[in-house]
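For reference, the structure is listed below as structure tokens.
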Amino acid sequence: MNKIGVIIGVIVIAIIAGAVASLSSSTSETMNLDMERSHGTISTAMGSPILGDHSAPITIIEFGDYQCHQCYNWFHNTKPAIFEDYIATGKANFVFVDMAFLGRDSPKAAQATYCAEEQEMYWEYHDMLYTLQEDKIDGGWANSERLKAIALDLGLDSDLFEGCLDSGKYSKRVQYNTQQARDHNVRGTPNFIVVGPDGQQQLGGAQPFSVFKQVLDKMI
Amino acid sequence: MTSAIRLVFSNPKYLILSITIFSTMLVGLLILSEYIFLEPYVVSHIPSGTEFGFVLIVTISALSALVLPMNIFRINILKKSKQKMGGGVFGSIIGAAAGACSCGPIGFAVISTFGSVGATATAFLTNYEIPIRIIAIGILAITYFTTVRSLKIECKFDPNS
């Protein structure tokens with residue numbers, strides 16, 4: 001009788017432990033994720049947090065790679081004006097969806113942003129990557145060690161961040177985002193889909209502010 | 001030097017060829033390098049920090065437009081070998097390829113089609129875009145000077161005239 005009791009007890013404990021482990025894992029995986037979130041025809045559930053007013057009538061979705069030079073150009077030359085005129089004013093919001101295809105460090109860099117998101121520093125980390133981008137693809141500026149150093153510079157909890165990055169827990173999230181890009185015929189980065197109340201428009205390449213202004217003003 | 005240019009481009013056929021090569025290469029490379037966009041509006045811009053790349057594209061297009069017709073002239077008129085033509089074509093192709101395989105549609109197509117080999121090639125062409133373009137300009141410049149020297153000897157014109 002005692003033996004049976006011990007066996008049942010062990011099984012019950014194992015089930016409870018398994019359930020707790022699975023629950024805690026799914027909690028961290030789905031953190032900040034609204035699985036239903038989509039803009040136009042694009043599922044942005046696995047993309048970045050929304051930058052700007054969540055209820056803004058227009059959403060600008062950028063498909064980008066952290067090692068892409070044209071994404072760097074757009075980030076520094078066009079995005080500041082869009083942010084100032086449309087995102088900060090509540091006319092539009094912004095979502096970044098990874099299309100990590102350029103090199104072996106691209107997916108890792110994208111995963112690192114979601115590790116930063118766990119500590120509510122997604123956009124700070126995202127901005128830092130585009131600030132620190134160097135000329136060479138896979139030249140080492142976005143390898144694991146540098147990604148961890150960036151986290152440290154931003155004041156993130158190192159142990160938490162390193163554990164997250166080394167576990168590769170967001171690799172599927174990045175793959176999903178890259179697949180979203182492919183499903184929407186995105187053939188290079190940066191690529192944008194501007195979703196307005198009456199439809200959506202795709203813009204390929206690091207286009208200047210004047211083009212975005214014309215497209216956005218038409219939608220408002 | 002100017003005599004050789006005058007000799008070749010006094011024929012309108014070579015002048016038209018030169019203009020065609022220059023405009024096609026320039027517009028094509030500017031589109032590939034995202035200095036010109038065709039959709040949704042035709043627009044051109046030079047983002048800050050990319051001015052040097054722009055100057056290299058203009059230089060490659062101009063040198064290609066100079067060297068290729070001169071070599072075609074040499075082959076057509078003087079029935080000489082196509083050896084020097086190779087230098088001009090090679091310089092033009094590597095100069096064009098340097099910037100084309102970045103994060104744009106061509107780079108994506110190369111990586112999608114050729115996998116890791118394509119990715120390595122794309123990364124190389126992107127990482128060394130500026131040095132490759134400078135090498136292409138060097139090849140085109142050397143081809144230009146050797147072509148001019150050949151024309152001087154083969155056509156026996158007075159270089160000072």
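In the structure tokens, chains take the letters A, B, ... in the order shown, each chain's residues start at 1, and ligands count up from 1 in the order shown.
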Per residue of chain A within 6 Å of chain B, record the nearest atom pair and its distance in Å to one decimal, counting only C-alpha atoms, with rows in chain order and ascending residue number, as a Markdown table.
```
| residue | atom | partner | partner_atom | distance |
| --- | --- | --- | --- | --- |
| A:Cys68 | CA | B:Cys103 | CA | 5.7 |
| A:Lys136 | CA | B:Asn127 | CA | 4.8 |
| A:Ile137 | CA | B:Ala123 | CA | 5.8 |
| A:Arg187 | CA | B:Pro105 | CA | 4.8 |
| A:Gly188 | CA | B:Gly104 | CA | 4.4 |
| A:Thr189 | CA | B:Cys103 | CA | 5.5 |
```
Take the selection from the previous step and output its residues with N, CA and C atoms, as a compact mmCIF listing (two decimals), in the first residue's frame.
```txt
# COMPACT_ATOMS: atom_id res chain seq x y z
N CYS A 68 21.56 44.97 -42.79
CA CYS A 68 21.31 45.57 -44.11
C CYS A 68 21.70 47.06 -44.10
N LYS A 136 30.66 45.58 -42.60
CA LYS A 136 30.79 44.20 -43.07
C LYS A 136 29.70 43.27 -42.54
N ILE A 137 29.06 42.56 -43.46
CA ILE A 137 28.07 41.55 -43.08
C ILE A 137 28.84 40.38 -42.45
N ARG A 187 11.13 41.01 -51.32
CA ARG A 187 12.29 40.46 -52.02
C ARG A 187 13.58 41.18 -51.65
N GLY A 188 13.55 41.95 -50.61
CA GLY A 188 14.75 42.65 -50.18
C GLY A 188 14.41 43.54 -49.01
N THR A 189 15.43 44.07 -48.38
CA THR A 189 15.17 44.93 -47.21
C THR A 189 15.82 46.29 -47.42
```
Just the alpha helix (DSSP H) stuff from segment 19-159 of chain B, please, per backbone DSSP, written as a ChimeraX atom specification. /B:19-32,51-78,83-100,105-127,129-155
Of the listed residues B:Thr24, B:Ser18, B:Ser61, B:Phe73, that which approaches Cys155 of chain B most closely, counting only C-alpha atoms: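 Of the candidates, the smallest distance to Cys155 of chain B is held by B:Phe73.
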Among chain B, which residues does DSSP mark as strand (DSSP E) when it is run on the backbone? Keep the chain and numbering as in the structure and answer as number ranges by chain. B: 36-37, 43-44
Atomic separation - atom CA of Phe114 of chain B relative to atom CA of Ile139 of chain B, Å: 28.4 Å
Need the shell around Gly87 of chain B: protein/DNA/RNA residues with any atom at most 12 Å away, counting only C-alpha atoms. Skip same-chain ones fewer than 6 positions apart. Format as a list in words? Leu63, Ser64, Val67, Leu68, Asn71, Ile93, Ile94, Gly95, Ile135, Ala136, Ile137, Gly138, Ile139, Leu140, Ala141, Ile142, Thr143, Tyr144, Phe145, Thr146 and Thr147 of chain B
Keeping C-alpha atoms for every residue in the selection just given, could you write it to a file as a PDB file, in the first residue's frame?
```pdb
ATOM      1  CA  LEU B  63      34.550  55.185 -68.184  1.00  0.00           C
ATOM      2  CA  SER B  64      32.540  52.268 -69.590  1.00  0.00           C
ATOM      3  CA  VAL B  67      36.243  52.557 -73.233  1.00  0.00           C
ATOM      4  CA  LEU B  68      33.709  50.169 -74.758  1.00  0.00           C
ATOM      5  CA  ASN B  71      37.341  49.156 -78.369  1.00  0.00           C
ATOM      6  CA  ILE B  93      30.752  43.970 -65.100  1.00  0.00           C
ATOM      7  CA  ILE B  94      32.608  43.853 -61.786  1.00  0.00           C
ATOM      8  CA  GLY B  95      31.878  47.530 -61.205  1.00  0.00           C
ATOM      9  CA  ILE B 135      39.356  48.232 -58.763  1.00  0.00           C
ATOM     10  CA  ALA B 136      36.803  48.304 -61.599  1.00  0.00           C
ATOM     11  CA  ILE B 137      37.637  51.962 -62.223  1.00  0.00           C
ATOM     12  CA  GLY B 138      41.339  51.041 -62.238  1.00  0.00           C
ATOM     13  CA  ILE B 139      40.752  48.278 -64.806  1.00  0.00           C
ATOM     14  CA  LEU B 140      38.698  50.623 -66.997  1.00  0.00           C
ATOM     15  CA  ALA B 141      41.343  53.374 -66.718  1.00  0.00           C
ATOM     16  CA  ILE B 142      44.143  50.976 -67.691  1.00  0.00           C
ATOM     17  CA  THR B 143      42.059  49.669 -70.591  1.00  0.00           C
ATOM     18  CA  TYR B 144      41.403  53.251 -71.685  1.00  0.00           C
ATOM     19  CA  PHE B 145      45.089  54.215 -71.723  1.00  0.00           C
ATOM     20  CA  THR B 146      46.190  51.044 -73.523  1.00  0.00           C
ATOM     21  CA  THR B 147      43.409  51.504 -76.079  1.00  0.00           C
TER      22      THR B 147
END
```
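Take atom CA of Pro57 of chain A and atom CA of Ala92 of chain A: the distance between them is 6.1 Å.
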Spatial neighbours of Phe83 of chain A, max dist 9 Å, only C-alpha atoms, sep filter under 4 positions, as number ranges by chain: A: 52, 78-79, 87-89, 92-94
For Thr59 of chain B, which of B:Ile134, B:Val8, B:Ile16, B:Ile75 is the closest residue, counting only C-alpha atoms?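 Counting only C-alpha atoms, the residue closest to Thr59 of chain B is B:Ile134.
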